[in-house]
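Colleague: Below are the C-alpha cells for one structure; questions will follow.
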Amino acid sequence: MKILFLTLLDFDSVYEHNIYTDLLREFIQNKHEVFVISPIERKKNEKTHFVVEESSKILKLRIGNIQKTNVIEKGISTILLESTVIKGIKKYFSDVKFDLVLYSTPPITLQKAVAYVKKRDNAFTYLMLKDIFPQNAIDIGIISKKGLMSVIYKFFRSKEKELYKLSDHIGCMSQANCDYLLRNNNYLNKNNVSICPNCIDIIDMRIDDFEKEKLRTKYGIPLNKKVFIYGGNLGRPQDISYIIKCLKSQLNVENKFFLIVGDGTEFSKLESFFSEFKPKNMKLMKRLPKEDYDKMIASCDIGLIFLDHRFTIPNFPSRLLSYMQAGLPVLACTDSNTDIGKVIVNGEFGWWCESSDEDEFSKILFKIDKENIEIKKSNSYKYLVDNYSSKSGYNIIMKSINNRM
C-alpha cells in the first residue's frame with residue numbers, strides 16, 4: 001500500500017522516536033510505502049522541501065505559525081492549514097495514488113485535505129483520535145459556547161463532525177474515548193470506532209543501580225530519596241495551580257524528591273513558586289532533548305501525570321509510555337472521566353486520585369511509603385510490552401482496513 005500520513009508534528013525522519021514515527025516504521029517493515037506531510041512553521045525561515053529515506057518520503061511543507069504564538073495568528077494559521085496542505089498534495093503528490101490516509105487529532109482542520117485524497121484516490125481514511133476538540137477547550141475555559149466565543153465553538157464543532165463523518169474508521173486511545181465519542185456523536189456507526197491506543201517501538205530503558213546513581217549525580221538528584229518525576233507539557237490542561245498545591249503539601253519532606261521537567265504556557269507559574277519557596281526537595285528544569293529526558297526518567301522512581309479535574313473528555317496522555325518504558329510505576333492525578341487511572345490501577349502498576357484535592361495526593365504518597373514498589377515497576381514494563389507496542393498498533397489498523405475491504 002501507499003500510505004499518506006498527515007500531521008502537525010515537525011520531524012525530519014521516520015527513524016525518530018515518537019508514537020507516530022514508530023508506527024510508520026511498522027508499515028515500512030511490512031513493505032508499505034510511506035509518504036508524510038510534516039509542516040515547518042514560518043518562523044523557522046525554511047522553504048518547503050523533501051526529506052527522502054528508504055521507503056519513505058517526507059514533505060516538509062511551509063505553513064503559518066501555530067505553536068507558541070498568539071491566539072490570533074494561531075487561529076488564522078489553523079484555518080488556512082487545510083488549503084495549504086491540499087495545494088501541497090496537488091503540487092508534490094499529483095503522481096501518487098494513495099491507498100490509505102492516516103491522520104490524527106489535533107488538528108481537526110485537515111478535513112478538506114483528507115476529503116480531497118479520499119475522493120481523488122478512493123483511499124481508506126483512518127483517524128487516530130488523540131484529542132477531542134473543541135470540547136477540551138470548553139472544559140478548561142479557553143473558549144465558550146456562549147457569547148462571541150460561541151461562533152468559534154460552532155465553527156470548530158462543525159469541522160469536528162465533518163472529520164468524523166469522513167473517516168472510514170476512528171481509532172481511539174481507550175475504551176472511555178470510544179464511549180465518549182459514540183455518546184456525543186450518535187450519527188457514527190459503532191462498528192467503525194475501536195480502540196487503537198498510543199503505541200511505541202518498545203526499547204528497554206530500565207537501568208541498574210550503578211547507572212541510576214551516575215545519572216542522579218549528573219542531574220543533581222538525591223541518591224537517598226524516592227524521586228517523583230513529572231515530564232511534559234506545563235500548560236492549562238495540567239492545571240498548574242493544582243500541581244503547585246500538591247508541591248506545597250510536600251515542601252521539604254525528608255524522604256521524597258520532586259522533579260518537574262518540561263515547558264509550556266504555564267511554566268512561569270512554577271518558576272514563581274520555586275523562586276518564592278526555594279524548596280530543598282524539589283527541582284524545576286526546562287524541557288530536555290529526548291535522549292537525555294529518557295535517561296533522566298529511568299533514574300527516578302515514580303512517574304506523575306496531571307490533568308485538570310474539569311475535563312469532561314477522557315484524555316490519555318502519551319507520556320505514560322515514557323514512564324512505562326523506563327519501568328516506572330505511575331501516579332495519575334486526573335479528572336474522573338478519563339480511564340487512564342483505571343488502566344493503571346487494574347494493571348497493578350500505579351495509583352490514581354482525582355485532581356481536585358491535594359489532600360488526596362498526600363494520602364496516596366503516604367500509601368506509597370508503605371508499599372514495596374518493585375512489583376509495580378515490573379508490572380509497568382510488562383503492561384507496556386503486552387499492550388502498547390507499535391506492532392500491535394499496526395495490526396489493529398490493518399485489521400480495520402481488511403474488515404472493510
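Letters A, B, ... go to the chains of the C-alpha cells in the order shown; residues in each chain start at 1; ligands are counted from 1 in the same order.
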Mind dumping a table of every stretch 250-283 of chain A residue within 12 Å of stretch 366-375 of chain A, with the nearest atom pair and its distance in Å to one decimal, using only C-alpha atoms, sorted by chain and rising number, as a Markdown table?
Modeller:
```
| residue | atom | partner | partner_atom | distance |
| --- | --- | --- | --- | --- |
| A:Gln250 | CA | A:Phe366 | CA | 10.9 |
| A:Val253 | CA | A:Phe366 | CA | 11.5 |
| A:Asn255 | CA | A:Asp369 | CA | 9.1 |
| A:Lys256 | CA | A:Asp369 | CA | 9.6 |
```
Colleague: Write out as a PDB file with all heavy atoms, in the first residue's frame which residues come within 7 Å of stretch 170-176 of chain A when counting only C-alpha atoms, dropping same-chain ones fewer than 3 positions away.
Modeller:
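Everything below was put into selection_32.pdb:
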```
ATOM      1  N   TYR A 126      -8.304   6.775   7.915  1.00  0.00           N
ATOM      2  CA  TYR A 126      -8.221   6.280   9.297  1.00  0.00           C
ATOM      3  C   TYR A 126      -7.781   7.417  10.208  1.00  0.00           C
ATOM      4  O   TYR A 126      -6.687   7.961  10.068  1.00  0.00           O
ATOM      5  CB  TYR A 126      -7.227   5.126   9.391  1.00  0.00           C
ATOM      6  CG  TYR A 126      -7.307   4.356  10.699  1.00  0.00           C
ATOM      7  CD1 TYR A 126      -7.936   3.120  10.768  1.00  0.00           C
ATOM      8  CD2 TYR A 126      -6.758   4.864  11.881  1.00  0.00           C
ATOM      9  CE1 TYR A 126      -8.024   2.407  11.950  1.00  0.00           C
ATOM     10  CE2 TYR A 126      -6.843   4.165  13.078  1.00  0.00           C
ATOM     11  CZ  TYR A 126      -7.472   2.936  13.109  1.00  0.00           C
ATOM     12  OH  TYR A 126      -7.559   2.239  14.282  1.00  0.00           O
ATOM     13  N   LEU A 127      -8.671   7.768  11.146  1.00  0.00           N
ATOM     14  CA  LEU A 127      -8.387   8.822  12.123  1.00  0.00           C
ATOM     15  C   LEU A 127      -7.878   8.211  13.415  1.00  0.00           C
ATOM     16  O   LEU A 127      -8.531   7.348  14.010  1.00  0.00           O
ATOM     17  CB  LEU A 127      -9.657   9.634  12.403  1.00  0.00           C
ATOM     18  CG  LEU A 127      -9.619  10.598  13.593  1.00  0.00           C
ATOM     19  CD1 LEU A 127      -8.534  11.659  13.416  1.00  0.00           C
ATOM     20  CD2 LEU A 127     -10.984  11.242  13.805  1.00  0.00           C
ATOM     21  N   MET A 128      -6.706   8.658  13.851  1.00  0.00           N
ATOM     22  CA  MET A 128      -6.194   8.299  15.171  1.00  0.00           C
ATOM     23  C   MET A 128      -6.560   9.444  16.118  1.00  0.00           C
ATOM     24  O   MET A 128      -5.948  10.504  16.089  1.00  0.00           O
ATOM     25  CB  MET A 128      -4.672   8.090  15.107  1.00  0.00           C
ATOM     26  CG  MET A 128      -4.275   6.918  14.234  1.00  0.00           C
ATOM     27  SD  MET A 128      -2.483   6.671  14.124  1.00  0.00           S
ATOM     28  CE  MET A 128      -2.024   8.041  13.053  1.00  0.00           C
ATOM     29  N   LEU A 129      -7.573   9.206  16.932  1.00  0.00           N
ATOM     30  CA  LEU A 129      -8.148  10.265  17.763  1.00  0.00           C
ATOM     31  C   LEU A 129      -7.313  10.444  19.033  1.00  0.00           C
ATOM     32  O   LEU A 129      -7.394   9.648  19.963  1.00  0.00           O
ATOM     33  CB  LEU A 129      -9.597   9.915  18.122  1.00  0.00           C
ATOM     34  CG  LEU A 129     -10.412  11.030  18.765  1.00  0.00           C
ATOM     35  CD1 LEU A 129     -10.735  12.118  17.741  1.00  0.00           C
ATOM     36  CD2 LEU A 129     -11.702  10.479  19.351  1.00  0.00           C
ATOM     37  N   LYS A 130      -6.516  11.491  19.066  1.00  0.00           N
ATOM     38  CA  LYS A 130      -5.653  11.774  20.218  1.00  0.00           C
ATOM     39  C   LYS A 130      -6.146  12.962  21.041  1.00  0.00           C
ATOM     40  O   LYS A 130      -5.587  13.255  22.097  1.00  0.00           O
ATOM     41  CB  LYS A 130      -4.221  12.068  19.747  1.00  0.00           C
ATOM     42  CG  LYS A 130      -3.623  11.017  18.819  1.00  0.00           C
ATOM     43  CD  LYS A 130      -3.496   9.658  19.472  1.00  0.00           C
ATOM     44  CE  LYS A 130      -2.789   8.654  18.577  1.00  0.00           C
ATOM     45  NZ  LYS A 130      -2.788   7.291  19.153  1.00  0.00           N
ATOM     46  N   SER A 167     -14.230   9.900   8.113  1.00  0.00           N
ATOM     47  CA  SER A 167     -13.298   8.835   8.481  1.00  0.00           C
ATOM     48  C   SER A 167     -13.947   7.460   8.337  1.00  0.00           C
ATOM     49  O   SER A 167     -15.001   7.193   8.925  1.00  0.00           O
ATOM     50  CB  SER A 167     -12.820   9.038   9.929  1.00  0.00           C
ATOM     51  OG  SER A 167     -12.205  10.304  10.074  1.00  0.00           O
ATOM     52  N   ASP A 179     -16.396   5.289  24.105  1.00  0.00           N
ATOM     53  CA  ASP A 179     -17.723   5.521  24.681  1.00  0.00           C
ATOM     54  C   ASP A 179     -18.131   6.984  24.565  1.00  0.00           C
ATOM     55  O   ASP A 179     -19.280   7.304  24.210  1.00  0.00           O
ATOM     56  CB  ASP A 179     -17.734   5.097  26.158  1.00  0.00           C
ATOM     57  CG  ASP A 179     -17.522   3.602  26.340  1.00  0.00           C
ATOM     58  OD1 ASP A 179     -17.707   2.843  25.360  1.00  0.00           O
ATOM     59  OD2 ASP A 179     -17.157   3.190  27.462  1.00  0.00           O
ATOM     60  N   TYR A 180     -17.190   7.886  24.862  1.00  0.00           N
ATOM     61  CA  TYR A 180     -17.476   9.316  24.789  1.00  0.00           C
ATOM     62  C   TYR A 180     -17.820   9.717  23.352  1.00  0.00           C
ATOM     63  O   TYR A 180     -18.795  10.448  23.112  1.00  0.00           O
ATOM     64  CB  TYR A 180     -16.285  10.132  25.275  1.00  0.00           C
ATOM     65  CG  TYR A 180     -16.517  11.628  25.208  1.00  0.00           C
ATOM     66  CD1 TYR A 180     -17.012  12.316  26.314  1.00  0.00           C
ATOM     67  CD2 TYR A 180     -16.272  12.345  24.041  1.00  0.00           C
ATOM     68  CE1 TYR A 180     -17.257  13.684  26.259  1.00  0.00           C
ATOM     69  CE2 TYR A 180     -16.521  13.710  23.971  1.00  0.00           C
ATOM     70  CZ  TYR A 180     -17.009  14.381  25.082  1.00  0.00           C
ATOM     71  OH  TYR A 180     -17.265  15.728  25.008  1.00  0.00           O
ATOM     72  N   ASN A 192     -17.417   1.251  13.318  1.00  0.00           N
ATOM     73  CA  ASN A 192     -16.299   1.989  12.728  1.00  0.00           C
ATOM     74  C   ASN A 192     -15.474   2.731  13.774  1.00  0.00           C
ATOM     75  O   ASN A 192     -14.655   3.581  13.439  1.00  0.00           O
ATOM     76  CB  ASN A 192     -16.817   2.990  11.684  1.00  0.00           C
ATOM     77  CG  ASN A 192     -17.533   2.300  10.540  1.00  0.00           C
ATOM     78  OD1 ASN A 192     -17.287   1.118  10.266  1.00  0.00           O
ATOM     79  ND2 ASN A 192     -18.433   3.011   9.886  1.00  0.00           N
ATOM     80  N   VAL A 193     -15.710   2.396  15.036  1.00  0.00           N
ATOM     81  CA  VAL A 193     -14.978   3.013  16.146  1.00  0.00           C
ATOM     82  C   VAL A 193     -14.411   1.903  17.017  1.00  0.00           C
ATOM     83  O   VAL A 193     -15.138   1.002  17.435  1.00  0.00           O
ATOM     84  CB  VAL A 193     -15.895   3.924  16.989  1.00  0.00           C
ATOM     85  CG1 VAL A 193     -15.139   4.492  18.183  1.00  0.00           C
ATOM     86  CG2 VAL A 193     -16.470   5.049  16.131  1.00  0.00           C
ATOM     87  N   SER A 194     -13.108   1.956  17.294  1.00  0.00           N
ATOM     88  CA  SER A 194     -12.494   0.918  18.131  1.00  0.00           C
ATOM     89  C   SER A 194     -11.259   1.481  18.825  1.00  0.00           C
ATOM     90  O   SER A 194     -10.822   2.595  18.538  1.00  0.00           O
ATOM     91  CB  SER A 194     -12.111  -0.309  17.294  1.00  0.00           C
ATOM     92  OG  SER A 194     -11.129   0.033  16.329  1.00  0.00           O
ATOM     93  N   ILE A 195     -10.705   0.699  19.730  1.00  0.00           N
ATOM     94  CA  ILE A 195      -9.516   1.128  20.461  1.00  0.00           C
ATOM     95  C   ILE A 195      -8.271   0.930  19.610  1.00  0.00           C
ATOM     96  O   ILE A 195      -8.031  -0.147  19.080  1.00  0.00           O
ATOM     97  CB  ILE A 195      -9.369   0.346  21.780  1.00  0.00           C
ATOM     98  CG1 ILE A 195     -10.569   0.593  22.699  1.00  0.00           C
ATOM     99  CG2 ILE A 195      -8.080   0.757  22.499  1.00  0.00           C
ATOM    100  CD1 ILE A 195     -10.565  -0.269  23.958  1.00  0.00           C
ATOM    101  N   CYS A 196      -7.502   1.997  19.468  1.00  0.00           N
ATOM    102  CA  CYS A 196      -6.164   1.941  18.876  1.00  0.00           C
ATOM    103  C   CYS A 196      -5.282   2.827  19.755  1.00  0.00           C
ATOM    104  O   CYS A 196      -5.166   4.026  19.523  1.00  0.00           O
ATOM    105  CB  CYS A 196      -6.165   2.435  17.432  1.00  0.00           C
ATOM    106  SG  CYS A 196      -4.550   2.276  16.603  1.00  0.00           S
ATOM    107  N   PRO A 197      -4.687   2.253  20.790  1.00  0.00           N
ATOM    108  CA  PRO A 197      -4.013   3.068  21.814  1.00  0.00           C
ATOM    109  C   PRO A 197      -2.721   3.703  21.324  1.00  0.00           C
ATOM    110  O   PRO A 197      -2.187   3.338  20.266  1.00  0.00           O
ATOM    111  CB  PRO A 197      -3.737   2.046  22.918  1.00  0.00           C
ATOM    112  CG  PRO A 197      -3.592   0.751  22.200  1.00  0.00           C
ATOM    113  CD  PRO A 197      -4.569   0.809  21.064  1.00  0.00           C
ATOM    114  N   ASN A 198      -2.236   4.667  22.089  1.00  0.00           N
ATOM    115  CA  ASN A 198      -0.892   5.191  21.852  1.00  0.00           C
ATOM    116  C   ASN A 198       0.094   4.025  21.920  1.00  0.00           C
ATOM    117  O   ASN A 198       0.058   3.242  22.867  1.00  0.00           O
ATOM    118  CB  ASN A 198      -0.524   6.226  22.923  1.00  0.00           C
ATOM    119  CG  ASN A 198      -1.386   7.462  22.858  1.00  0.00           C
ATOM    120  OD1 ASN A 198      -1.807   7.878  21.786  1.00  0.00           O
ATOM    121  ND2 ASN A 198      -1.676   8.054  24.003  1.00  0.00           N
ATOM    122  N   PRO A 314     -12.173  12.253  27.916  1.00  0.00           N
ATOM    123  CA  PRO A 314     -11.220  11.310  28.521  1.00  0.00           C
ATOM    124  C   PRO A 314      -9.830  11.367  27.882  1.00  0.00           C
ATOM    125  O   PRO A 314      -9.499  10.578  26.995  1.00  0.00           O
ATOM    126  CB  PRO A 314     -11.893   9.952  28.290  1.00  0.00           C
ATOM    127  CG  PRO A 314     -12.720  10.152  27.058  1.00  0.00           C
ATOM    128  CD  PRO A 314     -13.128  11.589  27.021  1.00  0.00           C
ATOM    129  N   PHE A 316      -5.823  10.797  27.465  1.00  0.00           N
ATOM    130  CA  PHE A 316      -4.977   9.639  27.783  1.00  0.00           C
ATOM    131  C   PHE A 316      -3.545   9.991  27.362  1.00  0.00           C
ATOM    132  O   PHE A 316      -3.080   9.618  26.286  1.00  0.00           O
ATOM    133  CB  PHE A 316      -5.459   8.388  27.034  1.00  0.00           C
ATOM    134  CG  PHE A 316      -5.137   7.097  27.739  1.00  0.00           C
ATOM    135  CD1 PHE A 316      -6.087   6.452  28.500  1.00  0.00           C
ATOM    136  CD2 PHE A 316      -3.874   6.535  27.637  1.00  0.00           C
ATOM    137  CE1 PHE A 316      -5.797   5.257  29.153  1.00  0.00           C
ATOM    138  CE2 PHE A 316      -3.567   5.353  28.277  1.00  0.00           C
ATOM    139  CZ  PHE A 316      -4.527   4.700  29.040  1.00  0.00           C
ATOM    140  N   THR A 338     -11.566  10.416  32.438  1.00  0.00           N
ATOM    141  CA  THR A 338     -10.580   9.595  31.751  1.00  0.00           C
ATOM    142  C   THR A 338     -10.456   8.250  32.454  1.00  0.00           C
ATOM    143  O   THR A 338     -10.662   8.146  33.669  1.00  0.00           O
ATOM    144  CB  THR A 338      -9.203  10.277  31.705  1.00  0.00           C
ATOM    145  OG1 THR A 338      -8.276   9.404  31.050  1.00  0.00           O
ATOM    146  CG2 THR A 338      -8.674  10.587  33.087  1.00  0.00           C
ATOM    147  N   ASP A 339     -10.120   7.214  31.693  1.00  0.00           N
ATOM    148  CA  ASP A 339      -9.924   5.895  32.290  1.00  0.00           C
ATOM    149  C   ASP A 339      -8.450   5.532  32.431  1.00  0.00           C
ATOM    150  O   ASP A 339      -8.109   4.382  32.665  1.00  0.00           O
ATOM    151  CB  ASP A 339     -10.662   4.810  31.493  1.00  0.00           C
ATOM    152  CG  ASP A 339     -10.311   4.808  30.013  1.00  0.00           C
ATOM    153  OD1 ASP A 339      -9.589   5.725  29.562  1.00  0.00           O
ATOM    154  OD2 ASP A 339     -10.755   3.897  29.297  1.00  0.00           O
TER     155      ASP A 339
END
```
Colleague: Can you pull out the residues contacting A:Ile364? Cut-off 9 Å, using only C-alpha atoms, and skip same-chain residues under 4 positions away; I want them as JSON, numbers by chain.
Modeller: {"A": [331, 351, 352, 353, 359, 360, 368, 369]}
Colleague: Contacts of A:Ser318 at 9 Å or less, counting only C-alpha atoms, minus same-chain residues fewer than 3 places along, as a list in words?
Modeller: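 Counting only C-alpha atoms, the residues come to Ile19, Asn198, Cys199, Leu321 and Ser322 of chain A.
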Colleague: Just to be explicit: take each residue in the selection above, keep N, CA, C and O atoms, and write the result as a short mmCIF file (atom, residue, chain, number, x, y, z; two decimals), in the first residue's frame.
Modeller:
```cif
data_model
loop_
_atom_site.label_atom_id
_atom_site.label_comp_id
_atom_site.auth_asym_id
_atom_site.auth_seq_id
_atom_site.Cartn_x
_atom_site.Cartn_y
_atom_site.Cartn_z
N ILE A 19 5.25 8.40 18.99
CA ILE A 19 4.15 7.46 18.75
C ILE A 19 3.77 7.35 17.28
O ILE A 19 3.23 6.33 16.86
N ASN A 198 -2.24 4.67 22.09
CA ASN A 198 -0.89 5.19 21.85
C ASN A 198 0.09 4.02 21.92
O ASN A 198 0.06 3.24 22.87
N CYS A 199 0.97 3.94 20.93
CA CYS A 199 1.91 2.82 20.85
C CYS A 199 3.30 3.32 20.50
O CYS A 199 3.45 4.35 19.84
N LEU A 321 3.69 6.31 28.40
CA LEU A 321 4.54 5.30 27.78
C LEU A 321 6.01 5.51 28.11
O LEU A 321 6.77 4.55 28.25
N SER A 322 6.42 6.77 28.24
CA SER A 322 7.82 7.05 28.60
C SER A 322 8.14 6.52 29.99
O SER A 322 9.22 5.97 30.22
#
```
Colleague: Determine, counting only C-alpha atoms, which protein, DNA and RNA residues have an atom within 8 Å of an atom of A:Phe267; residues of the same chain fewer than 4 positions away are not included. Present the result as a list in words.
Modeller: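 Result of the neighbour search: Leu234, Gly235, Gly262, Asp263 and Glu271 of chain A.
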Colleague: Near stretch 184-191 of chain A, counting only C-alpha atoms, which residues have an atom at most 12 Å away, once you skip same-chain residues fewer than 2 positions from it, shown as a ChimeraX atom specification?
Modeller: /A:132,135,157-158,160-172,177-182,193-195,312-313,400,403-404
Colleague: Check stretch 47-212 of chain A with DSSP on the backbone and list each residue it calls helix (DSSP H, G or I), as number ranges by chain.
Modeller: A: 71-92, 111-121, 135-139, 149-166, 175-184, 190-192, 209-212
Colleague: Could you write those residues out with C-alpha atoms, as an mmCIF file, in the first residue's frame?
Modeller:
```
data_model
loop_
_atom_site.group_PDB
_atom_site.id
_atom_site.type_symbol
_atom_site.label_atom_id
_atom_site.label_comp_id
_atom_site.auth_asym_id
_atom_site.auth_seq_id
_atom_site.Cartn_x
_atom_site.Cartn_y
_atom_site.Cartn_z
ATOM 1 C CA VAL A 71 -4.151 33.310 19.638
ATOM 2 C CA ILE A 72 -4.995 35.364 16.545
ATOM 3 C CA GLU A 73 -2.020 34.134 14.494
ATOM 4 C CA LYS A 74 -2.593 30.565 15.649
ATOM 5 C CA GLY A 75 -6.271 30.756 14.689
ATOM 6 C CA ILE A 76 -5.612 32.138 11.212
ATOM 7 C CA SER A 77 -2.814 29.629 10.546
ATOM 8 C CA THR A 78 -5.006 26.739 11.735
ATOM 9 C CA ILE A 79 -7.899 27.760 9.478
ATOM 10 C CA LEU A 80 -5.588 28.150 6.445
ATOM 11 C CA LEU A 81 -3.846 24.836 7.148
ATOM 12 C CA GLU A 82 -6.070 22.554 5.087
ATOM 13 C CA SER A 83 -5.932 24.706 1.942
ATOM 14 C CA THR A 84 -2.125 24.826 2.258
ATOM 15 C CA VAL A 85 -1.974 21.048 2.621
ATOM 16 C CA ILE A 86 -4.281 20.491 -0.386
ATOM 17 C CA LYS A 87 -2.043 22.715 -2.518
ATOM 18 C CA GLY A 88 0.961 20.717 -1.307
ATOM 19 C CA ILE A 89 -0.676 17.399 -2.225
ATOM 20 C CA LYS A 90 -1.639 18.686 -5.682
ATOM 21 C CA LYS A 91 1.833 20.049 -6.361
ATOM 22 C CA TYR A 92 4.082 17.374 -4.864
ATOM 23 C CA GLN A 111 -10.822 17.633 6.980
ATOM 24 C CA LYS A 112 -10.860 19.038 3.427
ATOM 25 C CA ALA A 113 -7.367 17.695 2.719
ATOM 26 C CA VAL A 114 -8.437 14.210 3.804
ATOM 27 C CA ALA A 115 -11.633 14.517 1.738
ATOM 28 C CA TYR A 116 -9.625 15.553 -1.316
ATOM 29 C CA VAL A 117 -7.354 12.484 -1.216
ATOM 30 C CA LYS A 118 -10.239 10.153 -0.387
ATOM 31 C CA LYS A 119 -12.217 11.327 -3.405
ATOM 32 C CA ARG A 120 -9.216 11.534 -5.752
ATOM 33 C CA ASP A 121 -7.731 8.126 -4.929
ATOM 34 C CA GLN A 135 -14.808 20.280 23.892
ATOM 35 C CA ASN A 136 -11.420 20.089 25.635
ATOM 36 C CA ALA A 137 -11.060 23.858 25.197
ATOM 37 C CA ILE A 138 -14.577 24.382 26.574
ATOM 38 C CA ASP A 139 -13.760 22.283 29.641
ATOM 39 C CA MET A 149 -16.854 32.820 21.543
ATOM 40 C CA SER A 150 -19.796 30.625 20.552
ATOM 41 C CA VAL A 151 -19.084 31.450 16.893
ATOM 42 C CA ILE A 152 -15.611 29.926 17.260
ATOM 43 C CA TYR A 153 -17.025 26.884 19.033
ATOM 44 C CA LYS A 154 -19.697 26.282 16.372
ATOM 45 C CA PHE A 155 -17.119 26.564 13.573
ATOM 46 C CA PHE A 156 -14.745 24.032 15.106
ATOM 47 C CA ARG A 157 -17.542 21.704 16.225
ATOM 48 C CA SER A 158 -18.767 21.654 12.626
ATOM 49 C CA LYS A 159 -15.247 20.795 11.395
ATOM 50 C CA GLU A 160 -15.009 18.063 14.031
ATOM 51 C CA LYS A 161 -18.268 16.437 12.895
ATOM 52 C CA GLU A 162 -17.232 16.582 9.247
ATOM 53 C CA LEU A 163 -13.906 14.927 10.043
ATOM 54 C CA TYR A 164 -15.605 12.105 11.960
ATOM 55 C CA LYS A 165 -18.132 11.501 9.161
ATOM 56 C CA LEU A 166 -15.328 11.442 6.601
ATOM 57 C CA GLN A 175 -12.496 2.469 25.909
ATOM 58 C CA ALA A 176 -13.581 5.675 27.630
ATOM 59 C CA ASN A 177 -12.668 7.568 24.448
ATOM 60 C CA CYS A 178 -14.766 5.179 22.332
ATOM 61 C CA ASP A 179 -17.723 5.521 24.681
ATOM 62 C CA TYR A 180 -17.476 9.316 24.789
ATOM 63 C CA LEU A 181 -17.217 9.615 21.006
ATOM 64 C CA LEU A 182 -20.257 7.428 20.334
ATOM 65 C CA ARG A 183 -22.299 9.002 23.133
ATOM 66 C CA ASN A 184 -21.755 12.537 21.816
ATOM 67 C CA LYS A 190 -20.152 1.913 16.373
ATOM 68 C CA ASN A 191 -18.573 -0.727 14.115
ATOM 69 C CA ASN A 192 -16.299 1.989 12.728
ATOM 70 C CA ASP A 209 21.575 0.874 40.382
ATOM 71 C CA PHE A 210 25.068 1.869 39.213
ATOM 72 C CA GLU A 211 23.725 3.756 36.193
ATOM 73 C CA LYS A 212 20.947 5.276 38.316
#
```
